[in-house]
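Peer 1: Before we start, here is the structure in question, set down as structure tokens.
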Amino acid sequence: MINKVKLRNFGPLRNVDWNNLGKINLIIGENGTGKSFLLKSMYSAMRTIEEFGRGNDRRSVNEVLSEKLYWTFQVEKIGDLVAKSYNEPLTCEIVFEGNGFSYKFGKDTTRTVTVVDNKVSRRKEDSLFLPAKEVLSIFHLVIESREKDRVFGFDDTYYDLVRALMIPKKQGKNYTEFAAARRELDRILGGKAIFDENLKKWMFKKGNQKFSIGVTAEGSKKLSILDTLLGNRSLTPGSVMFIDEPDVALHPKAISSFMDIIFLLAQGGIQFFLASHSYFVIKKLHLIAMKNRISIPVISLNADPEREPDYDDLLFGMPANSIIDESIRLYEEEMDGILR
């Protein structure tokens with residue numbers, strides 16, 4: 001697992017020092033506080049570790065990281081990622097299984113990060129990123145923009161996910177927790193997303209009928225993506241999964257079921273990092289933590305970049321933050337109206 005992440009001057013993130021990470025970890029905060037930035041910073045580091053030295057790839061770790069940052073954040077020059085209002089360099093450190101991966105660079109860096117230190121052993125597992133927007137209905141656009149046009153638009157979180165989804169389903173017995181998660185997904189969805197080789201597009205199969213993925217509910221497409229990644233073994237024990245806004249397009253009951261599935265997969269060896277501003281996500285994970293007596297670390301990012309993030313653990317209660325405060329305020333407003 002990722003044990004620790006430490007960032008300085010990374011875009012909107014002035015200072016992050018998140019320790020003692022768990023199997024499930026939650027990032028919360030208002031819009032624009034840097035939740036997606038934090039997810040992508042960890043993702044780009046993990047994918048660099050995984051891609052470096054794999055197969056016949058002879059790129060240096062510096063080259064792999066530089067390409068990953070360029071296509072994940074899609075900036076004209078990598079130095080644009082450094083916080084604008086400070087003169088200090090950007091630094092990033094990820095501790096994985098007790099070993100460090102770190103780098104730093106300044107505002108004048110163009111395309112290559114020269115200072116990289118990698119102590120993490122090579123991995124056969126893959127980290128994946130599930131963005132807020134589903135990709136099944138746009139996968140051909142993602143591939144074309146990246147492989148043919150080589151233009152900004154869909155970043156590497158989309159491109160890596162699309163490539164993983166195109167891996168054929170593998171036969172044979174799946175890992176116990178993964179098989180259980182897929183059964184639960186099948187119960188919720190009532191069908192499966194399949195790739196039609198003749199039409200060269202994704203369809204949703206329910207019983208003997210096939211439907212265009214374009215007319216399938218957004219929430220069903222999101223859950224179908226997870227089911228596909230489990231079915232083709234893109235996700236395995238040891239994978240790290242980053243999910244941006246897991247609540248998008250899901251009603252509260254589905255959110256609750258989704259969090260239960262994430263807990264099940266975490267017990268099977270996948271580490272999760274979720275970024276959300278949903279009260280339902282926070283509350284459900286709090287209940288999971290209490291029921292199962294497990295640690296679910298939380299970082300609360302603040303709108304004021306000068307203010308340090310708050311660090312909590314859902315095992316010990318709901319964190320104090322604007323999301324919870326607004327939920328309480330609405331409840332008090334409702335009760336005030338009833339009691340008048």
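So you can find residues: chains in the structure tokens are A, B, ... in the order shown, residues in each start at 1, and ligands are numbered from 1 in order.
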Mind listing the strand (DSSP E or B) residues of stretch 105-239 of chain A, per DSSP on the backbone, as a list in words?

Peer 2: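 For stretch 105-239 of chain A, the strand (DSSP E or B) set is Phe105, Val115, Val116, Asp117, Asn118, Leu128, Phe129, Leu130, Lys192, Ala193, Ile194, Phe195, Asp196, Lys201, Trp202, Met203, Phe204, Lys205, Lys206, Gln209, Lys210, Phe211 and Ser212 of chain A.
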
Peer 1: Keeping N, CA, C and O atoms, export the residues of the selection given above as a PDB file, in the first residue's frame.

Peer 2:
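Okay, this is what ended up in part-v8.pdb:
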```pdb
ATOM      1  N   PHE A 105      11.027  19.892  -8.680  1.00  0.00           N
ATOM      2  CA  PHE A 105      11.394  20.754  -9.808  1.00  0.00           C
ATOM      3  C   PHE A 105      10.847  22.157  -9.555  1.00  0.00           C
ATOM      4  O   PHE A 105       9.973  22.364  -8.709  1.00  0.00           O
ATOM      5  N   VAL A 115      15.463  15.757 -11.045  1.00  0.00           N
ATOM      6  CA  VAL A 115      15.724  15.243  -9.694  1.00  0.00           C
ATOM      7  C   VAL A 115      14.640  14.243  -9.308  1.00  0.00           C
ATOM      8  O   VAL A 115      13.530  14.618  -8.926  1.00  0.00           O
ATOM      9  N   VAL A 116      14.957  12.950  -9.454  1.00  0.00           N
ATOM     10  CA  VAL A 116      14.023  11.870  -9.124  1.00  0.00           C
ATOM     11  C   VAL A 116      14.779  10.816  -8.326  1.00  0.00           C
ATOM     12  O   VAL A 116      15.889  10.434  -8.691  1.00  0.00           O
ATOM     13  N   ASP A 117      14.190  10.343  -7.247  1.00  0.00           N
ATOM     14  CA  ASP A 117      14.803   9.299  -6.427  1.00  0.00           C
ATOM     15  C   ASP A 117      13.769   8.177  -6.238  1.00  0.00           C
ATOM     16  O   ASP A 117      12.715   8.404  -5.644  1.00  0.00           O
ATOM     17  N   ASN A 118      14.077   7.007  -6.750  1.00  0.00           N
ATOM     18  CA  ASN A 118      13.139   5.885  -6.698  1.00  0.00           C
ATOM     19  C   ASN A 118      13.746   4.710  -5.946  1.00  0.00           C
ATOM     20  O   ASN A 118      14.710   4.102  -6.398  1.00  0.00           O
ATOM     21  N   LEU A 128      -5.094   2.321 -11.228  1.00  0.00           N
ATOM     22  CA  LEU A 128      -6.048   2.867 -12.187  1.00  0.00           C
ATOM     23  C   LEU A 128      -6.820   4.008 -11.553  1.00  0.00           C
ATOM     24  O   LEU A 128      -6.963   4.082 -10.337  1.00  0.00           O
ATOM     25  N   PHE A 129      -7.323   4.879 -12.412  1.00  0.00           N
ATOM     26  CA  PHE A 129      -8.028   6.087 -11.982  1.00  0.00           C
ATOM     27  C   PHE A 129      -9.422   6.065 -12.612  1.00  0.00           C
ATOM     28  O   PHE A 129      -9.555   5.953 -13.826  1.00  0.00           O
ATOM     29  N   LEU A 130     -10.447   6.163 -11.778  1.00  0.00           N
ATOM     30  CA  LEU A 130     -11.819   6.228 -12.270  1.00  0.00           C
ATOM     31  C   LEU A 130     -12.280   7.678 -12.171  1.00  0.00           C
ATOM     32  O   LEU A 130     -12.583   8.168 -11.083  1.00  0.00           O
ATOM     33  N   LYS A 192     -24.645  -6.362 -17.827  1.00  0.00           N
ATOM     34  CA  LYS A 192     -23.206  -6.111 -17.930  1.00  0.00           C
ATOM     35  C   LYS A 192     -22.887  -5.296 -19.176  1.00  0.00           C
ATOM     36  O   LYS A 192     -23.580  -5.390 -20.202  1.00  0.00           O
ATOM     37  N   ALA A 193     -21.842  -4.507 -19.072  1.00  0.00           N
ATOM     38  CA  ALA A 193     -21.317  -3.792 -20.236  1.00  0.00           C
ATOM     39  C   ALA A 193     -20.428  -4.747 -21.020  1.00  0.00           C
ATOM     40  O   ALA A 193     -19.595  -5.446 -20.438  1.00  0.00           O
ATOM     41  N   ILE A 194     -20.617  -4.817 -22.317  1.00  0.00           N
ATOM     42  CA  ILE A 194     -19.800  -5.674 -23.177  1.00  0.00           C
ATOM     43  C   ILE A 194     -19.341  -4.866 -24.388  1.00  0.00           C
ATOM     44  O   ILE A 194     -20.017  -3.933 -24.815  1.00  0.00           O
ATOM     45  N   PHE A 195     -18.187  -5.246 -24.925  1.00  0.00           N
ATOM     46  CA  PHE A 195     -17.691  -4.580 -26.124  1.00  0.00           C
ATOM     47  C   PHE A 195     -18.074  -5.420 -27.337  1.00  0.00           C
ATOM     48  O   PHE A 195     -17.708  -6.586 -27.440  1.00  0.00           O
ATOM     49  N   ASP A 196     -18.849  -4.831 -28.244  1.00  0.00           N
ATOM     50  CA  ASP A 196     -19.290  -5.514 -29.456  1.00  0.00           C
ATOM     51  C   ASP A 196     -18.199  -5.378 -30.517  1.00  0.00           C
ATOM     52  O   ASP A 196     -17.948  -4.280 -31.025  1.00  0.00           O
ATOM     53  N   LYS A 201     -18.084  -0.952 -30.529  1.00  0.00           N
ATOM     54  CA  LYS A 201     -18.541  -0.024 -29.504  1.00  0.00           C
ATOM     55  C   LYS A 201     -19.103  -0.797 -28.315  1.00  0.00           C
ATOM     56  O   LYS A 201     -19.419  -1.985 -28.415  1.00  0.00           O
ATOM     57  N   TRP A 202     -19.221  -0.103 -27.199  1.00  0.00           N
ATOM     58  CA  TRP A 202     -19.726  -0.710 -25.980  1.00  0.00           C
ATOM     59  C   TRP A 202     -21.243  -0.773 -26.002  1.00  0.00           C
ATOM     60  O   TRP A 202     -21.918   0.127 -26.500  1.00  0.00           O
ATOM     61  N   MET A 203     -21.756  -1.870 -25.474  1.00  0.00           N
ATOM     62  CA  MET A 203     -23.191  -2.085 -25.345  1.00  0.00           C
ATOM     63  C   MET A 203     -23.487  -2.511 -23.916  1.00  0.00           C
ATOM     64  O   MET A 203     -22.593  -2.936 -23.187  1.00  0.00           O
ATOM     65  N   PHE A 204     -24.744  -2.385 -23.524  1.00  0.00           N
ATOM     66  CA  PHE A 204     -25.156  -2.895 -22.218  1.00  0.00           C
ATOM     67  C   PHE A 204     -26.100  -4.057 -22.450  1.00  0.00           C
ATOM     68  O   PHE A 204     -27.142  -3.916 -23.109  1.00  0.00           O
ATOM     69  N   LYS A 205     -25.711  -5.231 -21.939  1.00  0.00           N
ATOM     70  CA  LYS A 205     -26.493  -6.442 -22.143  1.00  0.00           C
ATOM     71  C   LYS A 205     -27.303  -6.760 -20.897  1.00  0.00           C
ATOM     72  O   LYS A 205     -26.764  -6.901 -19.803  1.00  0.00           O
ATOM     73  N   LYS A 206     -28.617  -6.879 -21.101  1.00  0.00           N
ATOM     74  CA  LYS A 206     -29.529  -7.208 -20.016  1.00  0.00           C
ATOM     75  C   LYS A 206     -30.390  -8.377 -20.478  1.00  0.00           C
ATOM     76  O   LYS A 206     -31.224  -8.225 -21.366  1.00  0.00           O
ATOM     77  N   GLN A 209     -31.125  -9.045 -24.354  1.00  0.00           N
ATOM     78  CA  GLN A 209     -31.190  -7.796 -25.095  1.00  0.00           C
ATOM     79  C   GLN A 209     -29.916  -6.981 -24.932  1.00  0.00           C
ATOM     80  O   GLN A 209     -29.268  -7.013 -23.882  1.00  0.00           O
ATOM     81  N   LYS A 210     -29.576  -6.268 -25.999  1.00  0.00           N
ATOM     82  CA  LYS A 210     -28.439  -5.364 -25.968  1.00  0.00           C
ATOM     83  C   LYS A 210     -28.926  -3.939 -26.208  1.00  0.00           C
ATOM     84  O   LYS A 210     -29.765  -3.702 -27.079  1.00  0.00           O
ATOM     85  N   PHE A 211     -28.370  -3.010 -25.443  1.00  0.00           N
ATOM     86  CA  PHE A 211     -28.730  -1.608 -25.578  1.00  0.00           C
ATOM     87  C   PHE A 211     -27.474  -0.788 -25.834  1.00  0.00           C
ATOM     88  O   PHE A 211     -26.397  -1.108 -25.344  1.00  0.00           O
ATOM     89  N   SER A 212     -27.643   0.287 -26.592  1.00  0.00           N
ATOM     90  CA  SER A 212     -26.521   1.192 -26.814  1.00  0.00           C
ATOM     91  C   SER A 212     -26.070   1.772 -25.477  1.00  0.00           C
ATOM     92  O   SER A 212     -26.889   2.107 -24.633  1.00  0.00           O
TER      93      SER A 212
END
```

Peer 1: Please report, as number ranges by chain, each residue of stretch 138-284 of chain A to which DSSP assigns helix (DSSP H, G or I) when run on this structure's backbone.

Peer 2: A: 139-148, 156-165, 176-189, 213-215, 218-231, 252-267, 279-284

Peer 1: Give me, as a ChimeraX atom specification, all polymer residues having an atom no more than 10 Å from A:Pro297, counting only C-alpha atoms and skipping those fewer than 3 positions away in the same chain.

Peer 2: /A:18-27,273,289,294,311-316

Peer 1: Print the selection's residues with N, CA and C atoms to a file, as a PDB file, in the first residue's frame.

Peer 2:
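Below is the file that was written, result.pdb:
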```
ATOM      1  N   TRP A  18       0.324  13.590   4.619  1.00  0.00           N
ATOM      2  CA  TRP A  18      -0.715  12.624   4.980  1.00  0.00           C
ATOM      3  C   TRP A  18      -0.048  11.293   5.293  1.00  0.00           C
ATOM      4  N   ASN A  19      -0.130  10.882   6.558  1.00  0.00           N
ATOM      5  CA  ASN A  19       0.564   9.682   7.019  1.00  0.00           C
ATOM      6  C   ASN A  19      -0.408   8.586   7.429  1.00  0.00           C
ATOM      7  N   ASN A  20       0.164   7.406   7.694  1.00  0.00           N
ATOM      8  CA  ASN A  20      -0.599   6.267   8.225  1.00  0.00           C
ATOM      9  C   ASN A  20      -1.840   5.972   7.390  1.00  0.00           C
ATOM     10  N   LEU A  21      -1.646   5.874   6.079  1.00  0.00           N
ATOM     11  CA  LEU A  21      -2.761   5.630   5.172  1.00  0.00           C
ATOM     12  C   LEU A  21      -3.269   4.199   5.302  1.00  0.00           C
ATOM     13  N   GLY A  22      -4.532   4.007   4.950  1.00  0.00           N
ATOM     14  CA  GLY A  22      -5.162   2.707   5.122  1.00  0.00           C
ATOM     15  C   GLY A  22      -5.580   2.071   3.813  1.00  0.00           C
ATOM     16  N   LYS A  23      -6.381   1.022   3.906  1.00  0.00           N
ATOM     17  CA  LYS A  23      -6.872   0.349   2.708  1.00  0.00           C
ATOM     18  C   LYS A  23      -7.877   1.211   1.957  1.00  0.00           C
ATOM     19  N   ILE A  24      -8.646   2.015   2.701  1.00  0.00           N
ATOM     20  CA  ILE A  24      -9.568   2.982   2.113  1.00  0.00           C
ATOM     21  C   ILE A  24      -9.217   4.351   2.688  1.00  0.00           C
ATOM     22  N   ASN A  25      -9.082   5.343   1.816  1.00  0.00           N
ATOM     23  CA  ASN A  25      -8.689   6.686   2.235  1.00  0.00           C
ATOM     24  C   ASN A  25      -9.588   7.693   1.529  1.00  0.00           C
ATOM     25  N   LEU A  26      -9.948   8.753   2.241  1.00  0.00           N
ATOM     26  CA  LEU A  26     -10.928   9.704   1.724  1.00  0.00           C
ATOM     27  C   LEU A  26     -10.367  11.114   1.708  1.00  0.00           C
ATOM     28  N   ILE A  27     -10.576  11.798   0.573  1.00  0.00           N
ATOM     29  CA  ILE A  27     -10.206  13.203   0.404  1.00  0.00           C
ATOM     30  C   ILE A  27     -11.497  14.006   0.291  1.00  0.00           C
ATOM     31  N   PHE A 273      -8.328   5.291  -2.907  1.00  0.00           N
ATOM     32  CA  PHE A 273      -8.307   6.699  -2.569  1.00  0.00           C
ATOM     33  C   PHE A 273      -9.516   7.337  -3.250  1.00  0.00           C
ATOM     34  N   ALA A 289     -16.444   2.001   8.837  1.00  0.00           N
ATOM     35  CA  ALA A 289     -15.288   2.025   9.743  1.00  0.00           C
ATOM     36  C   ALA A 289     -15.686   1.574  11.143  1.00  0.00           C
ATOM     37  N   ILE A 294     -12.219  -0.596  11.428  1.00  0.00           N
ATOM     38  CA  ILE A 294     -11.060  -0.356  10.565  1.00  0.00           C
ATOM     39  C   ILE A 294     -10.801   1.142  10.451  1.00  0.00           C
ATOM     40  N   TYR A 311      -6.525  16.445   9.285  1.00  0.00           N
ATOM     41  CA  TYR A 311      -6.386  15.000   9.161  1.00  0.00           C
ATOM     42  C   TYR A 311      -7.226  14.315  10.237  1.00  0.00           C
ATOM     43  N   ASP A 312      -8.058  13.380   9.816  1.00  0.00           N
ATOM     44  CA  ASP A 312      -8.954  12.681  10.734  1.00  0.00           C
ATOM     45  C   ASP A 312      -9.006  11.212  10.358  1.00  0.00           C
ATOM     46  N   ASP A 313      -9.790  10.465  11.118  1.00  0.00           N
ATOM     47  CA  ASP A 313     -10.013   9.044  10.862  1.00  0.00           C
ATOM     48  C   ASP A 313     -11.480   8.752  11.127  1.00  0.00           C
ATOM     49  N   LEU A 314     -12.167   8.207  10.131  1.00  0.00           N
ATOM     50  CA  LEU A 314     -13.601   7.948  10.268  1.00  0.00           C
ATOM     51  C   LEU A 314     -13.906   6.901  11.331  1.00  0.00           C
ATOM     52  N   LEU A 315     -12.907   6.149  11.753  1.00  0.00           N
ATOM     53  CA  LEU A 315     -13.118   5.190  12.831  1.00  0.00           C
ATOM     54  C   LEU A 315     -13.499   5.913  14.123  1.00  0.00           C
ATOM     55  N   PHE A 316     -13.054   7.154  14.258  1.00  0.00           N
ATOM     56  CA  PHE A 316     -13.264   7.887  15.502  1.00  0.00           C
ATOM     57  C   PHE A 316     -14.321   8.979  15.391  1.00  0.00           C
TER      58      PHE A 316
END
```

Peer 1: With only C-alpha atoms as the basis for distance, which of A:Ser224, A:Asn3, A:Ser300, A:Ser41 is at the shortest distance from A:Arg187?

Peer 2: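 Closest candidate: A:Ser224.
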
Peer 1: Any idea what's packed within 10 Å of A:Gln271, counting only C-alpha atoms, ignoring anything in its chain fewer than 6 positions away? Could you give it as a PyMOL selection string?

Peer 2: chain A and resi 1-2+21-25+127+237-242+262-263+265

Peer 1: Could you check which of A:Ala249, A:Ala266, A:Leu136, A:Met290 is closest to A:Thr228, using only C-alpha atoms?

Peer 2: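 Ranking A:Ala249, A:Ala266, A:Leu136, A:Met290 by distance to A:Thr228, first place goes to A:Leu136.
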
Peer 1: Rounded to one decimal, what separation in Å do you get between atom CA of A:Gly190 and atom CA of A:Ala164?

Peer 2: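 Calculated distance between atom CA of A:Gly190 and atom CA of A:Ala164 is 23.1 Å.
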
Peer 1: How many Å lie between atom CA of A:Leu39 and atom CA of A:Asp126, rounded to one decimal?

Peer 2: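 The value is 15.4 Å.
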
Peer 1: Atom CA of A:Phe73 and atom CA of A:Val151 are how many Å apart?

Peer 2: 12.7 Å

Peer 1: Using only C-alpha atoms, which of the listed residues (A:Pro131, A:Glu177, A:Asp160, A:Ile261) sits closest to A:Lys222?

Peer 2: A:Pro131

Peer 1: Can you tell me which residues surround A:Leu141 at a distance of at most 12 Å, considering only C-alpha atoms, apart from same-chain residues fewer than 6 positions away, and format the answer as a list in words?

Peer 2: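 Skipping anything fewer than 6 positions along the chain leaves Val135, Glu147, Lys148, Asp149, Arg150, Val151, Phe152, Gly153, Phe154, Asp155, Tyr158, Tyr159, Val162 and Lys201 of chain A.
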